[in-house]
Amino acid sequence: EPGPACVLGIDLGTTSVKAALVTGTERGLALAQSCSRETQSHSDSPGAAPQAMEQDVQEIIRALNECLAALPQQQLQQVTHIGVSGQMHGVVFWKSDKGCKWSESGTGPAFEPEQVSHLVTWQDGRCSPTFLASLPLPQSHVSLATGFGCATVFWYSKNSPDFLKAYDAAGTIQDYVVAMLCDLKKPLMSVQNAAGWGYFNCRKKSWNTDVLKKSSFPVHLLPEVGDPGSIAGRTTCAWHRIPEGAKVGIALGDFQCSVYSCLTERTDAVLNISTSAQLAISMPLGFQPPEAPDPSSAVTYFPYFNGDYLAVAASLNGGNVLAAFVGMVAQWAQELGFQVQESAIYTRIIQAALAQKHSKLSVRPTVFGERHLPELLASVSSIGASELSLGHVTRALCRGLVENLCSMLPVQHLEELGVRRILGSGSALARNEVLRQEVERIFPFPVVYGKDVDAAVGAAMVM
């Protein structure tokens, strides 16, 4: 007998792919099943640009197929809607009539990328401040930054124009997946992702085509744009066990979906620390962002749902900084002749930091810079001889990560916007008790941690 209808939510993350099956119950929506797979898709391609950060799309789709194969087949057969989210700023290129090939897998039909480029991620650093300064000024409330889709396309058009000739379509990784599922001839992108690409006017819901054409930008690569929450199309054939004709939503921003999965009150702020870190609060109803960005401002206004905006302090420094620190410790150990697993180091440094409640060490953790201050790198100060233990350094590093976010969207500003509570989410926050302690020490609000707060669930809920 057929079970209850299901919605499939997918999040194509920086390091992993998640899939979540959500069903309706008497109490509202409930998570029925979920699955996550690491993509292991980082690519050091020989021809990549300096400071490039690219991922192999083949590996991302492999992880996606593995996720779906691991979900209960009976519930997949009940899927009526699919919501997809992912990195807002990245870009992947493909040939529209040869973007993928479908074949039979153990759990039904699945697609594999065919004529598709690498994904240039939001962490990509090829567009230097000098290069960005040479580009035309966007008619947008969002400042342009390296890793943004349009900035990367500009880089290719000026440095490697032959590369672009092989493709006639472009979008985020989630736009690519939606286009393949629905066999879209022209990619369709949500306002959320378009704003994250740069050169998009959110008030007019249109690309800055006049500005771009004057600078010989290949505007034919720009996707069409629609509202988040709308339907992009239907699956053109069965996918794993999901029936043909399932409705597929226009692809969404991973951050907006993460917020959507947990934000119930406008007086809540959402603090997310995963690979990067964000602090967000709903703006008052009817808010419109300024016509032009303030390049020195640490706060960006992200398009949300139903015409609303989120004020977001989006830091480039989160769990990736802790990962870099752990990698450094592992490398030092190796140079000293010891082999230590990085997972073991994580556990030990957190235990050591829990034993050190205070540290005079001051760590500015901006290893990856910040979009509003790209040249401001990390530093350590107030170094005393008695506070050089791993525990002291880890405690100071965790405090620095939270203080950095707090400096971008200060407590006073949160209070002025009516914040009464903070909802904590993200893998780094979930795994690290020291980070949670520092959040509670620095912010004068009650903090609630959401176990199942993630973009895959949010993408399903939107549908």
# chains A, B, ... in the order shown; residues from 1 in each chain; ligands from 1
>>> select_by_dssp(residues="region 325-397 of chain A", states="helix (DSSP H, G or I)", output="PyMOL selection string")
chain A and resi 325-335+342-354+385-387+390-397
>>> atom_distance(atom1="CA of Asn208 (chain A)", atom2="CA of Met189 (chain A)")
15.1 Å
>>> residues_around(residues="Met463 (chain A)", least_positions_apart="6", cutoff="7 Å", atoms="only C-alpha atoms", output="number ranges by chain")
A: 81, 83, 229, 249
>>> closest_atom_pairs(of="region 68-168 of chain A", to="region 279-299 of chain A", cutoff="10 Å", atoms="only C-alpha atoms", output="tab-separated table")
residue	atom	partner	partner_atom	distance
A:Leu137	CA	A:Ala292	CA	9.6
A:Pro138	CA	A:Ala292	CA	8.3
A:Gln139	CA	A:Ala292	CA	6.8
A:Ser140	CA	A:Ala292	CA	5.7
A:His141	CA	A:Pro293	CA	4.5
A:Val142	CA	A:Pro293	CA	5.4
A:Ser143	CA	A:Pro293	CA	5.6
A:Leu144	CA	A:Pro295	CA	8.8
A:Ala145	CA	A:Pro295	CA	10.0
>>> closest_residue(among="A:Leu397, A:Ala194, A:Arg234, A:Ser258", to="Asp11 (chain A)", atoms="only C-alpha atoms")
A:Ser258
